[in-house]
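What follows is the content of data.txt, which has compact mmCIF, C-alpha atoms and all ligand atoms:
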```txt
# COMPACT_ATOMS: atom_id res chain seq x y z
CA MET A 24 0.00 0.00 0.00
CA LYS A 25 0.98 3.66 -0.33
CA PHE A 26 1.13 5.83 2.78
CA LEU A 27 1.56 9.56 3.26
CA ILE A 28 3.07 10.74 6.53
CA VAL A 29 2.87 14.42 7.36
CA GLY A 30 5.67 15.52 9.69
CA CYS A 31 9.20 14.16 9.83
CA GLY A 32 9.59 14.20 13.63
CA ILE A 33 10.19 11.21 15.87
CA SER A 34 6.60 9.91 15.43
CA GLY A 35 6.55 10.25 11.65
CA ILE A 36 10.02 8.74 11.26
CA THR A 37 9.21 5.73 13.47
CA LEU A 38 6.02 5.12 11.56
CA ALA A 39 7.77 5.49 8.19
CA ARG A 40 10.36 2.89 9.16
CA LYS A 41 7.84 0.36 10.43
CA LEU A 42 5.57 0.71 7.38
CA ALA A 43 8.55 0.49 5.02
CA GLU A 44 9.76 -2.68 6.73
CA ASN A 45 6.31 -4.13 6.15
CA SER A 46 6.84 -3.61 2.39
CA HIS A 47 4.69 -0.49 2.07
CA GLN A 48 5.63 2.58 0.07
CA VAL A 49 5.95 5.66 2.28
CA THR A 50 6.21 9.34 1.42
CA ILE A 51 6.99 11.66 4.31
CA VAL A 52 6.57 15.43 3.93
CA ASP A 53 7.71 18.20 6.24
CA GLU A 54 7.64 21.95 5.84
CA LYS A 55 10.92 22.29 7.73
CA ASP A 56 14.27 22.08 5.92
CA HIS A 57 15.50 19.27 8.15
CA ILE A 58 14.37 15.91 9.50
CA GLY A 59 13.80 15.13 13.19
CA GLY A 60 11.24 17.81 14.09
CA ASN A 61 12.04 19.36 17.45
CA CYS A 62 14.51 16.54 18.24
CA PHE A 63 16.85 17.76 15.48
CA ASP A 64 20.50 18.21 16.43
CA TYR A 65 23.74 19.10 14.60
CA PHE A 66 27.47 19.22 15.34
CA ASN A 67 29.33 22.52 15.45
CA GLN A 68 32.94 22.97 14.26
CA GLU A 69 34.36 21.95 17.61
CA GLY A 70 32.36 18.71 17.60
CA ILE A 71 29.69 19.72 20.12
CA CYS A 72 26.29 18.20 19.39
CA ILE A 73 23.71 20.98 19.72
CA HIS A 74 19.99 20.31 20.15
CA LYS A 75 18.44 23.06 18.06
CA TYR A 76 15.14 23.03 19.96
CA GLY A 77 16.52 22.62 23.47
CA THR A 78 17.99 19.77 25.47
CA HIS A 79 16.62 16.29 24.69
CA ILE A 80 17.53 13.41 26.98
CA PHE A 81 16.23 9.99 26.04
CA HIS A 82 14.89 7.84 28.88
CA THR A 83 12.51 4.91 28.96
CA GLU A 84 11.31 1.89 30.90
CA ASN A 85 9.94 0.46 27.68
CA GLU A 86 12.27 -2.28 26.52
CA THR A 87 10.56 -2.60 23.12
CA VAL A 88 11.09 1.09 22.39
CA TRP A 89 14.71 0.94 23.56
CA ARG A 90 15.48 -2.14 21.44
CA PHE A 91 13.79 -0.64 18.40
CA LEU A 92 15.79 2.61 18.50
CA SER A 93 18.98 0.72 19.38
CA ARG A 94 18.88 -0.82 15.91
CA PHE A 95 19.74 2.64 14.56
CA THR A 96 22.17 4.02 17.11
CA GLN A 97 24.66 3.23 19.81
CA TRP A 98 24.06 5.17 23.01
CA PHE A 99 26.28 7.29 25.19
CA PRO A 100 25.35 6.09 28.70
CA TYR A 101 24.47 9.56 29.92
CA GLN A 102 22.60 9.81 33.25
CA HIS A 103 20.89 13.18 33.51
CA GLU A 104 21.41 15.30 36.64
CA VAL A 105 19.94 18.78 37.01
CA LYS A 106 20.86 21.48 39.48
CA ALA A 107 18.69 24.43 40.46
CA LEU A 108 19.69 27.73 41.99
CA ILE A 109 17.75 27.94 45.27
CA ASP A 110 18.58 30.34 48.09
CA GLY A 111 21.90 31.08 46.37
CA GLN A 112 22.97 27.43 46.19
CA LEU A 113 23.11 24.99 43.31
CA VAL A 114 21.15 22.00 44.58
CA PRO A 115 19.97 18.70 43.06
CA ILE A 116 16.55 18.58 41.36
CA PRO A 117 14.30 16.56 41.77
CA PHE A 118 14.25 17.74 45.34
CA ASN A 119 15.62 14.85 47.46
CA PHE A 120 17.39 14.16 50.76
CA ASN A 121 20.68 15.58 49.42
CA THR A 122 18.84 18.78 48.49
CA ILE A 123 17.41 19.01 52.00
CA GLU A 124 20.84 18.56 53.58
CA GLN A 125 22.32 21.28 51.39
CA LEU A 126 19.61 23.81 52.13
CA PHE A 127 18.82 23.33 55.83
CA PRO A 128 20.93 23.24 59.01
CA MET A 129 21.86 19.66 59.96
CA GLU A 130 19.40 19.15 62.81
CA MET A 131 16.52 20.60 60.89
CA ALA A 132 17.43 18.55 57.80
CA ASN A 133 17.42 15.36 59.88
CA ARG A 134 14.03 16.20 61.31
CA LEU A 135 12.55 16.88 57.87
CA ILE A 136 14.00 13.68 56.41
CA ASN A 137 12.65 11.66 59.36
CA ALA A 138 9.25 13.26 58.92
CA LEU A 139 9.27 12.31 55.23
CA LEU A 140 10.29 8.74 56.00
CA SER A 141 7.55 8.38 58.58
CA GLU A 142 4.96 9.08 55.85
CA PHE A 143 6.54 7.76 52.66
CA PRO A 144 8.65 4.71 51.76
CA PHE A 145 12.36 5.21 51.04
CA ASN A 146 13.06 5.93 47.34
CA LYS A 147 9.42 6.73 46.60
CA LYS A 148 8.50 9.63 44.31
CA VAL A 149 5.85 12.02 45.63
CA PRO A 150 4.36 14.81 43.49
CA ILE A 151 4.59 18.22 45.16
CA LEU A 152 0.81 18.68 45.05
CA LYS A 153 0.47 15.39 46.98
CA LEU A 154 3.13 16.37 49.53
CA ARG A 155 1.17 19.54 50.21
CA GLU A 156 -1.74 17.42 51.47
CA SER A 157 0.31 16.08 54.40
CA GLN A 158 -1.10 16.79 57.88
CA SER A 159 2.29 16.86 59.60
CA LYS A 160 3.48 20.36 60.61
CA ASP A 161 7.06 19.62 59.54
CA LEU A 162 5.96 18.31 56.16
CA GLN A 163 3.60 21.22 55.61
CA TYR A 164 6.54 23.52 56.18
CA LEU A 165 8.74 21.52 53.78
CA ALA A 166 6.00 21.22 51.14
CA ASP A 167 5.38 24.98 51.21
CA TYR A 168 9.11 25.59 50.87
CA VAL A 169 9.52 23.23 47.90
CA TYR A 170 6.33 24.50 46.29
CA GLU A 171 7.51 28.10 46.53
CA LYS A 172 11.22 27.66 45.74
CA VAL A 173 11.10 24.92 43.10
CA PHE A 174 7.69 24.94 41.44
CA LEU A 175 5.74 28.15 41.78
CA HIS A 176 7.89 30.68 39.97
CA TYR A 177 9.33 28.21 37.45
CA THR A 178 5.81 27.12 36.52
CA GLU A 179 4.57 30.69 36.29
CA LYS A 180 7.41 31.44 33.86
CA GLN A 181 7.00 28.20 31.94
CA TRP A 182 3.22 28.04 31.68
CA GLY A 183 1.94 31.44 32.75
CA VAL A 184 -0.19 29.82 35.49
CA ARG A 185 0.24 28.41 39.02
CA PRO A 186 1.10 24.71 39.51
CA GLU A 187 -2.36 23.82 40.83
CA ASP A 188 -3.95 25.22 37.66
CA LEU A 189 -2.06 22.73 35.48
CA ASP A 190 -2.78 19.10 34.88
CA PRO A 191 -1.17 17.46 37.97
CA LEU A 192 0.84 15.19 35.68
CA VAL A 193 2.93 18.19 34.56
CA THR A 194 4.52 19.04 37.92
CA GLY A 195 4.29 15.32 38.73
CA ARG A 196 7.02 14.83 36.10
CA VAL A 197 9.49 16.19 38.65
CA PRO A 198 8.40 14.60 41.95
CA VAL A 199 10.00 15.04 45.34
CA PHE A 200 12.27 12.02 45.79
CA MET A 201 12.45 10.20 49.14
CA GLY A 202 16.06 9.16 48.75
CA ARG A 203 19.51 10.22 47.61
CA ASP A 204 19.35 9.55 43.88
CA ASN A 205 20.25 12.86 42.24
CA ARG A 206 19.29 11.74 38.74
CA TYR A 207 16.43 13.46 36.93
CA PHE A 208 15.16 10.10 35.63
CA GLN A 209 15.32 6.66 37.21
CA ALA A 210 14.38 4.76 34.03
CA LYS A 211 16.31 1.59 33.28
CA TYR A 212 17.30 2.84 29.82
CA GLN A 213 18.73 6.33 29.42
CA GLY A 214 21.19 7.85 27.02
CA ILE A 215 22.02 10.14 24.13
CA PRO A 216 22.49 8.73 20.60
CA LEU A 217 26.26 8.48 20.22
CA GLU A 218 26.25 10.29 16.87
CA GLY A 219 23.26 12.48 17.69
CA TYR A 220 19.52 12.20 17.15
CA THR A 221 19.71 13.35 13.54
CA ALA A 222 22.13 10.53 12.61
CA MET A 223 19.80 8.04 14.29
CA PHE A 224 16.83 9.41 12.32
CA GLU A 225 18.83 9.30 9.06
CA LYS A 226 19.44 5.59 9.61
CA MET A 227 15.76 5.02 10.36
CA LEU A 228 14.79 6.78 7.15
CA ASP A 229 17.44 4.99 5.09
CA HIS A 230 15.14 2.47 3.42
CA PRO A 231 14.34 2.00 -0.27
CA ASN A 232 10.58 2.27 0.42
CA ILE A 233 10.85 5.74 2.01
CA THR A 234 10.74 9.02 0.07
CA ILE A 235 11.36 12.24 2.05
CA LEU A 236 10.13 15.62 0.86
CA LEU A 237 11.45 18.49 2.99
CA ASN A 238 10.47 22.16 2.56
CA THR A 239 7.11 20.81 1.53
CA LYS A 240 3.91 22.07 3.04
CA PHE A 241 1.11 19.51 3.20
CA ASP A 242 -2.05 20.28 1.35
CA LYS A 243 -5.11 18.10 1.39
CA SER A 244 -5.00 17.38 -2.34
CA MET A 245 -1.84 15.30 -1.73
CA SER A 246 -3.83 12.63 0.12
CA LYS A 247 -5.69 11.46 -2.97
CA ASP A 248 -2.60 9.64 -4.27
CA PHE A 249 -2.31 7.52 -1.10
CA ASP A 250 -4.22 4.73 0.61
CA HIS A 251 -3.92 6.41 4.02
CA CYS A 252 -2.57 9.63 5.52
CA TYR A 253 -0.90 9.81 8.95
CA TYR A 254 -0.84 13.38 10.17
CA THR A 255 1.61 14.26 12.97
CA GLY A 256 1.06 18.01 12.67
CA PRO A 257 -1.41 20.07 14.71
CA ILE A 258 -4.92 18.68 14.39
CA ASP A 259 -6.47 22.17 14.54
CA GLU A 260 -4.32 23.29 11.61
CA TYR A 261 -5.55 20.34 9.54
CA PHE A 262 -9.09 21.61 10.01
CA ASP A 263 -8.16 25.25 9.29
CA TYR A 264 -8.84 26.14 12.94
CA LYS A 265 -12.54 26.00 12.28
CA LEU A 266 -13.36 25.23 15.94
CA GLY A 267 -10.68 27.63 17.25
CA GLN A 268 -6.98 27.25 18.00
CA LEU A 269 -5.62 24.65 20.42
CA PRO A 270 -3.35 26.54 22.82
CA TYR A 271 0.36 25.77 23.15
CA ARG A 272 3.37 27.12 25.02
CA SER A 273 6.43 28.03 23.06
CA LEU A 274 10.09 28.64 23.83
CA ARG A 275 12.72 31.06 22.62
CA PHE A 276 16.35 29.98 22.84
CA LYS A 277 19.32 32.29 23.13
CA PHE A 278 22.42 30.32 22.09
CA LEU A 279 25.83 31.55 23.25
CA THR A 280 29.33 30.19 22.62
CA PHE A 281 32.14 30.76 25.11
CA ASN A 282 35.86 30.22 24.68
CA ARG A 283 36.23 28.32 27.90
CA SER A 284 36.03 24.64 28.72
CA TYR A 285 32.78 24.74 30.69
CA PHE A 286 30.14 27.32 31.52
CA GLN A 287 28.29 25.62 34.40
CA THR A 288 28.56 22.52 36.59
CA ASN A 289 25.82 20.47 34.88
CA SER A 290 24.23 19.99 31.48
CA VAL A 291 21.10 21.71 32.78
CA VAL A 292 20.80 24.32 35.52
CA ASN A 293 17.31 25.54 36.46
CA TYR A 294 16.60 29.06 37.68
CA PRO A 295 13.16 28.77 39.28
CA ASN A 296 13.29 32.09 41.14
CA ASN A 297 15.67 34.30 39.18
CA TYR A 298 15.72 35.83 35.70
CA ASP A 299 13.18 35.49 32.89
CA PHE A 300 14.61 32.24 31.55
CA THR A 301 13.78 28.93 33.23
CA ARG A 302 17.02 27.04 32.57
CA ILE A 303 20.37 27.00 30.83
CA GLY A 304 21.47 23.93 28.88
CA GLU A 305 25.14 23.22 28.14
CA TYR A 306 25.45 20.79 25.28
CA LYS A 307 28.94 19.31 25.52
CA TYR A 308 27.94 17.36 28.65
CA PHE A 309 25.58 15.07 26.76
CA LEU A 310 28.29 13.25 24.79
CA ASP A 311 31.13 14.36 27.08
CA THR A 312 32.75 16.25 24.21
CA GLN A 313 36.29 17.40 25.01
CA CYS A 314 37.14 20.76 23.44
CA GLY A 315 38.18 24.29 24.37
CA SER A 316 34.83 26.03 23.83
CA THR A 317 31.29 25.46 25.00
CA VAL A 318 27.76 26.19 23.76
CA VAL A 319 24.82 26.99 26.01
CA SER A 320 21.18 27.90 25.47
CA TYR A 321 19.07 30.12 27.68
CA GLU A 322 15.45 28.99 27.57
CA TYR A 323 12.74 31.68 27.60
CA PRO A 324 9.15 30.42 27.72
CA GLU A 325 6.51 32.36 25.83
CA GLY A 326 3.00 31.97 24.50
CA PHE A 327 2.60 30.31 21.12
CA SER A 328 1.32 32.52 18.35
CA LEU A 329 0.59 31.25 14.92
CA GLY A 330 3.20 32.19 12.31
CA GLU A 331 5.53 33.69 14.92
CA ASN A 332 7.05 30.81 16.84
CA GLU A 333 6.96 27.02 17.21
CA ARG A 334 4.58 24.83 19.17
CA TYR A 335 6.41 23.07 22.01
CA TYR A 336 3.97 22.08 24.74
CA PRO A 337 0.24 21.37 24.51
CA ILE A 338 -1.52 23.04 27.45
CA ILE A 339 -3.49 20.18 28.94
CA ASN A 340 -6.58 21.29 30.83
CA PRO A 341 -10.26 20.28 30.71
CA GLU A 342 -11.24 23.06 28.29
CA ASN A 343 -8.43 22.31 25.83
CA LYS A 344 -9.01 18.56 26.06
CA CYS A 345 -12.63 19.19 25.18
CA LEU A 346 -11.66 21.25 22.13
CA TYR A 347 -9.22 18.55 21.07
CA GLN A 348 -11.97 15.94 21.41
CA LYS A 349 -14.19 18.00 19.10
CA TYR A 350 -11.45 18.03 16.47
CA LEU A 351 -11.03 14.29 16.93
CA ASP A 352 -14.75 13.85 16.33
CA LEU A 353 -14.38 15.75 13.06
CA ALA A 354 -11.46 13.49 12.15
CA LYS A 355 -13.55 10.37 12.73
CA GLY A 356 -15.76 11.47 9.85
CA ILE A 357 -12.81 11.36 7.45
CA ASP A 358 -11.72 8.11 5.87
CA LYS A 359 -8.09 7.08 5.59
CA LEU A 360 -6.77 9.67 8.03
CA THR A 361 -5.08 9.17 11.43
CA PHE A 362 -3.61 11.76 13.78
CA LEU A 363 -0.66 11.04 16.02
CA GLY A 364 2.34 12.61 17.74
CA ARG A 365 2.57 15.43 20.29
CA LEU A 366 0.66 17.78 18.01
CA GLY A 367 -1.72 15.29 16.40
CA ASP A 368 -2.69 13.66 19.71
CA TYR A 369 -2.34 16.94 21.68
CA LYS A 370 -0.39 15.08 24.39
CA TYR A 371 2.74 16.02 26.32
CA TYR A 372 4.65 12.98 25.00
CA ASP A 373 8.24 12.29 25.88
CA MET A 374 10.28 10.87 23.02
CA ASP A 375 9.82 7.27 24.16
CA GLN A 376 6.05 7.73 24.46
CA ALA A 377 5.90 9.06 20.92
CA VAL A 378 7.75 5.97 19.67
CA SER A 379 5.64 3.64 21.80
CA ARG A 380 2.43 5.19 20.45
CA VAL A 381 3.56 4.34 16.91
CA LEU A 382 4.70 0.81 17.75
CA CYS A 383 1.31 0.09 19.38
CA LEU A 384 -0.51 1.56 16.36
CA ILE A 385 1.52 -0.60 13.97
CA ASN A 386 0.75 -3.75 15.97
CA LYS A 387 -2.94 -3.10 15.47
CA LEU A 388 -2.74 -2.45 11.71
CA PRO A 389 -4.10 -5.37 9.69
CA VAL A 390 -1.66 -4.59 6.87
CA CYS A 391 1.44 -4.91 9.09
N1 LIG B 401 9.14 22.26 37.17
C1 LIG B 401 9.33 23.26 38.10
N2 LIG B 401 10.58 23.53 38.56
C2 LIG B 401 11.66 22.83 38.13
C3 LIG B 401 11.49 21.81 37.20
C4 LIG B 401 10.21 21.57 36.73
O1 LIG B 401 8.37 23.92 38.48
O2 LIG B 401 12.80 23.11 38.61
C5 LIG B 401 7.76 21.99 36.69
C6 LIG B 401 7.37 22.95 35.56
O3 LIG B 401 5.98 23.20 35.64
C7 LIG B 401 7.72 22.13 34.35
C8 LIG B 401 7.29 20.74 34.79
O4 LIG B 401 7.66 20.68 36.17
O5 LIG B 401 7.04 22.57 33.20
C9 LIG B 401 7.91 19.60 34.04
O6 LIG B 401 9.32 19.75 34.04
P1 LIG B 401 10.23 18.99 32.96
O7 LIG B 401 11.64 19.24 33.31
O8 LIG B 401 9.78 17.58 32.84
O9 LIG B 401 9.84 19.76 31.62
P2 LIG B 401 10.40 19.63 30.12
O10 LIG B 401 11.81 19.16 30.20
O11 LIG B 401 9.47 18.69 29.41
O12 LIG B 401 10.30 21.04 29.63
```

What is this file in structure tokens?
Amino acid sequence: MKFLIVGCGISGITLARKLAENSHQVTIVDEKDHIGGNCFDYFNQEGICIHKYGTHIFHTENETVWRFLSRFTQWFPYQHEVKALIDGQLVPIPFNFNTIEQLFPMEMANRLINALLSEFPFNKKVPILKLRESQSKDLQYLADYVYEKVFLHYTEKQWGVRPEDLDPLVTGRVPVFMGRDNRYFQAKYQGIPLEGYTAMFEKMLDHPNITILLNTKFDKSMSKDFDHCYYTGPIDEYFDYKLGQLPYRSLRFKFLTFNRSYFQTNSVVNYPNNYDFTRIGEYKYFLDTQCGSTVVSYEYPEGFSLGENERYYPIINPENKCLYQKYLDLAKGIDKLTFLGRLGDYKYYDMDQAVSRVLCLINKLPVC
């Protein structure tokens, strides 16, 4: 069969590969001038791999996803650790026992850790909004502190709203950790593609059944030459915004190069309470590149506006979910059309979830 895939990001590329391996002809179109969508990266002259759309760290518990991608890349065994500037100190995030010991006097730190351990098991992850429900005086104090110093101002910058006005899963991505593991993710499989994401995607797309058309804007008349169209772009755009726009948050990156070995202590440093940016990423850490210069990006959140910037994050709330559902109902009336990906499904997918979504879809397809 002949398939059209709109969008050459991680979802579209995964789907293209799987369909091609099942002997189908695939054409993939993207209006951008490069493959990889927002996961695109490139190497600068000094050999630093730069993520054009901000830091991307791959992590998954899903063995099937890991094994699938590992056919196309080796991995640098990078374990992500983030620091945040809180009360003038660079401390580990997610907030954990080490963070407590760095920020509070010893006796007080011991008391807070004991209070945590009397309510929660060691090494458990507890979302901040859950911790705030504790009845213990000590834990109420700690929860208010973490809420204020880690989440409140970061979230206001990032989303323009308070943490409790977001889907709880968003702040739940960075839970308070009842242990000493300073890593951002505890997933079994973590890493950065050894030659970058773009090289991994090139290998995935390197198949005789796949044709790639970049700098090519989709228009509906293209679909008629195909048996089915998979659309990974924004669902509201497909329908010419006829029910209104689905809201997104966007980001603006300021990239700077310095002639010094390192700029900061970690690949990512968060600034919840200072400045207008949320975090600074330093790219040479991801593949442990040894060279005399370094590249960083300052990350400034902003609202998404059509034609002016990129969509990065769907804003998941009941109203927006309802609007998305209405678009999905429209889509159900159209034959031979499926939406997927962060923009097509309007879901805050991590990279592994985007791949998993496609692998599940493929397993259900009668033609695969
Ligand atoms: N967050 C926060 N302070 C932090 C880190 C994260 O308030 O220091 C909140 C914020 O609302 C953010 C969400 O947790 O949008 C998820 O963070 P994550 O690092 O997973 O976001 P991503 O890397 O996807 O932008």

Which polymer residues have any atom within 6 Å of an atom of segment 101-109 of chain A, counting only C-alpha atoms, with same-chain residues fewer than 6 positions away left out, as a PyMOL selection string?
chain A and resi 115-116+206-207+214+291-294

Leaving out Glu84 of chain A and any residue of its chain fewer than 6 positions from it, which residues lie within 7 Å of it when counting all atoms listed in the file, given as a PyMOL selection string?
chain A and resi 210-212

Using only C-alpha atoms for the distances, tell me which of A:Gly183, A:Gly30, A:Pro337, A:Gly77 is nearest to Lys240 of chain A.
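When distances to Lys240 of chain A are compared using only C-alpha atoms, the smallest one comes from A:Gly30.
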
Atom CA of Leu154 of chain A to atom CA of Phe300 of chain A: how many Å, to one decimal?
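Between these atoms lies a distance of 26.6 Å.
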
Shortest interatomic distance to ligand LIG 401 (chain B) - which of A:Arg275, A:Arg302, A:Lys349, A:His74, counting all atoms listed in the file
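Looking only at the distances to ligand LIG 401 (chain B), the closest residue turns out to be A:Arg302.
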
For ligand LIG 401 (chain B), list the contacting residues at 6 Å or closer, counting only C-alpha atoms and all ligand atoms, as a PyMOL selection string.
chain A and resi 173-175+177-178+181+193-194+196-197+293+295

Can you work out the spacing between atom CA of Gly32 of chain A and atom CA of Thr255 of chain A in Å, to one decimal?
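Interatomic distance here is 8.0 Å.
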
List as a PDB file with C-alpha atoms, keeping the file's coordinate frame the protein and nucleic acid residues near segment 246-248 of chain A, meaning an atom at most 12 Å away when all atoms listed in the file are counted, but skip any in the same chain fewer than 6 places from it.
```
ATOM      1  CA  MET A  24       0.000   0.000   0.000  1.00  0.00           C
ATOM      2  CA  LYS A  25       0.980   3.660  -0.330  1.00  0.00           C
ATOM      3  CA  PHE A  26       1.130   5.830   2.780  1.00  0.00           C
ATOM      4  CA  LEU A  27       1.560   9.560   3.260  1.00  0.00           C
ATOM      5  CA  ILE A  28       3.070  10.740   6.530  1.00  0.00           C
ATOM      6  CA  VAL A  29       2.870  14.420   7.360  1.00  0.00           C
ATOM      7  CA  GLN A  48       5.630   2.580   0.070  1.00  0.00           C
ATOM      8  CA  VAL A  49       5.950   5.660   2.280  1.00  0.00           C
ATOM      9  CA  THR A  50       6.210   9.340   1.420  1.00  0.00           C
ATOM     10  CA  ILE A  51       6.990  11.660   4.310  1.00  0.00           C
ATOM     11  CA  VAL A  52       6.570  15.430   3.930  1.00  0.00           C
ATOM     12  CA  TYR A 254      -0.840  13.380  10.170  1.00  0.00           C
ATOM     13  CA  ILE A 357     -12.810  11.360   7.450  1.00  0.00           C
ATOM     14  CA  ASP A 358     -11.720   8.110   5.870  1.00  0.00           C
ATOM     15  CA  LYS A 359      -8.090   7.080   5.590  1.00  0.00           C
ATOM     16  CA  LEU A 360      -6.770   9.670   8.030  1.00  0.00           C
ATOM     17  CA  THR A 361      -5.080   9.170  11.430  1.00  0.00           C
TER      18      THR A 361
END
```

Looking at all atoms listed in the file, which of A:Ile33, A:Leu42, A:Cys62, A:Leu152 is the one that sits closest to Leu384 of chain A?
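Result for the nearest residue to Leu384 of chain A: A:Leu42.
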
Give the answer as one residue: which of A:Tyr323, A:Phe118, A:Phe66, A:Phe95 has the shortest atom-to-atom distance to Lys172 of chain A, using all atoms listed in the file?
A:Phe118

Between A:Glu331, A:Glu69, A:Glu124, A:Glu54, which one has atoms that come closest to Ser316 of chain A, using all atoms listed in the file?
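The closest residue to Ser316 of chain A is A:Glu69.
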
Residue contacts of Val381 of chain A (9 Å, all atoms listed in the file) excluding same-chain residues fewer than 6 positions away, as number ranges by chain
A: 34-35, 37-38, 41, 363-364

Write a file of the selected residues as a PDB file, keeping the file's coordinate frame, keeping C-alpha atoms.
```pdb
ATOM      1  CA  SER A  34       6.600   9.910  15.430  1.00  0.00           C
ATOM      2  CA  GLY A  35       6.550  10.250  11.650  1.00  0.00           C
ATOM      3  CA  THR A  37       9.210   5.730  13.470  1.00  0.00           C
ATOM      4  CA  LEU A  38       6.020   5.120  11.560  1.00  0.00           C
ATOM      5  CA  LYS A  41       7.840   0.360  10.430  1.00  0.00           C
ATOM      6  CA  LEU A 363      -0.660  11.040  16.020  1.00  0.00           C
ATOM      7  CA  GLY A 364       2.340  12.610  17.740  1.00  0.00           C
TER       8      GLY A 364
END
```

Any chance you could work out the axis-aligned box around segment 281-295 of chain A, listed atoms only, 6 Å on each side, giving centre and edge lengths in Å to one decimal, as AutoDock Vina command-line options?
```
--center_x 24.7 --center_y 25.4 --center_z 32.0 --size_x 35.1 --size_y 22.8 --size_z 26.6
```

Save segment 76-87 of chain A from what I just supplied, as an mmCIF file, in the first residue's frame, atoms limited to N, CA, C and O atoms.
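And here is the file that came out, out-v4.cif:
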```cif
data_model
loop_
_atom_site.group_PDB
_atom_site.id
_atom_site.type_symbol
_atom_site.label_atom_id
_atom_site.label_comp_id
_atom_site.auth_asym_id
_atom_site.auth_seq_id
_atom_site.Cartn_x
_atom_site.Cartn_y
_atom_site.Cartn_z
ATOM 1 N N TYR A 76 16.384 22.623 19.270
ATOM 2 C CA TYR A 76 15.144 23.027 19.957
ATOM 3 C C TYR A 76 15.200 22.715 21.453
ATOM 4 O O TYR A 76 14.190 22.384 22.071
ATOM 5 N N GLY A 77 16.389 22.824 22.024
ATOM 6 C CA GLY A 77 16.520 22.624 23.468
ATOM 7 C C GLY A 77 16.910 21.194 23.817
ATOM 8 O O GLY A 77 16.767 20.268 23.008
ATOM 9 N N THR A 78 17.391 21.028 25.050
ATOM 10 C CA THR A 78 17.989 19.765 25.475
ATOM 11 C C THR A 78 16.989 18.602 25.397
ATOM 12 O O THR A 78 15.858 18.717 25.869
ATOM 13 N N HIS A 79 17.422 17.512 24.794
ATOM 14 C CA HIS A 79 16.616 16.295 24.688
ATOM 15 C C HIS A 79 17.399 15.133 25.279
ATOM 16 O O HIS A 79 18.482 14.798 24.781
ATOM 17 N N ILE A 80 16.862 14.536 26.327
ATOM 18 C CA ILE A 80 17.529 13.408 26.979
ATOM 19 C C ILE A 80 16.601 12.212 26.860
ATOM 20 O O ILE A 80 15.458 12.258 27.330
ATOM 21 N N PHE A 81 17.093 11.156 26.235
ATOM 22 C CA PHE A 81 16.233 9.989 26.037
ATOM 23 C C PHE A 81 16.214 9.126 27.290
ATOM 24 O O PHE A 81 17.261 8.820 27.851
ATOM 25 N N HIS A 82 15.012 8.720 27.706
ATOM 26 C CA HIS A 82 14.888 7.841 28.884
ATOM 27 C C HIS A 82 13.610 7.035 28.740
ATOM 28 O O HIS A 82 12.577 7.561 28.307
ATOM 29 N N THR A 83 13.708 5.749 29.053
ATOM 30 C CA THR A 83 12.507 4.913 28.959
ATOM 31 C C THR A 83 12.606 3.665 29.828
ATOM 32 O O THR A 83 13.701 3.156 30.083
ATOM 33 N N GLU A 84 11.432 3.201 30.253
ATOM 34 C CA GLU A 84 11.314 1.893 30.904
ATOM 35 C C GLU A 84 10.881 0.862 29.878
ATOM 36 O O GLU A 84 10.812 -0.328 30.186
ATOM 37 N N ASN A 85 10.549 1.321 28.697
ATOM 38 C CA ASN A 85 9.937 0.461 27.682
ATOM 39 C C ASN A 85 11.028 -0.237 26.864
ATOM 40 O O ASN A 85 11.661 0.362 26.000
ATOM 41 N N GLU A 86 11.188 -1.515 27.149
ATOM 42 C CA GLU A 86 12.267 -2.275 26.515
ATOM 43 C C GLU A 86 12.078 -2.373 24.996
ATOM 44 O O GLU A 86 13.052 -2.314 24.230
ATOM 45 N N THR A 87 10.832 -2.485 24.563
ATOM 46 C CA THR A 87 10.562 -2.604 23.124
ATOM 47 C C THR A 87 11.011 -1.334 22.393
ATOM 48 O O THR A 87 11.633 -1.385 21.332
#
```
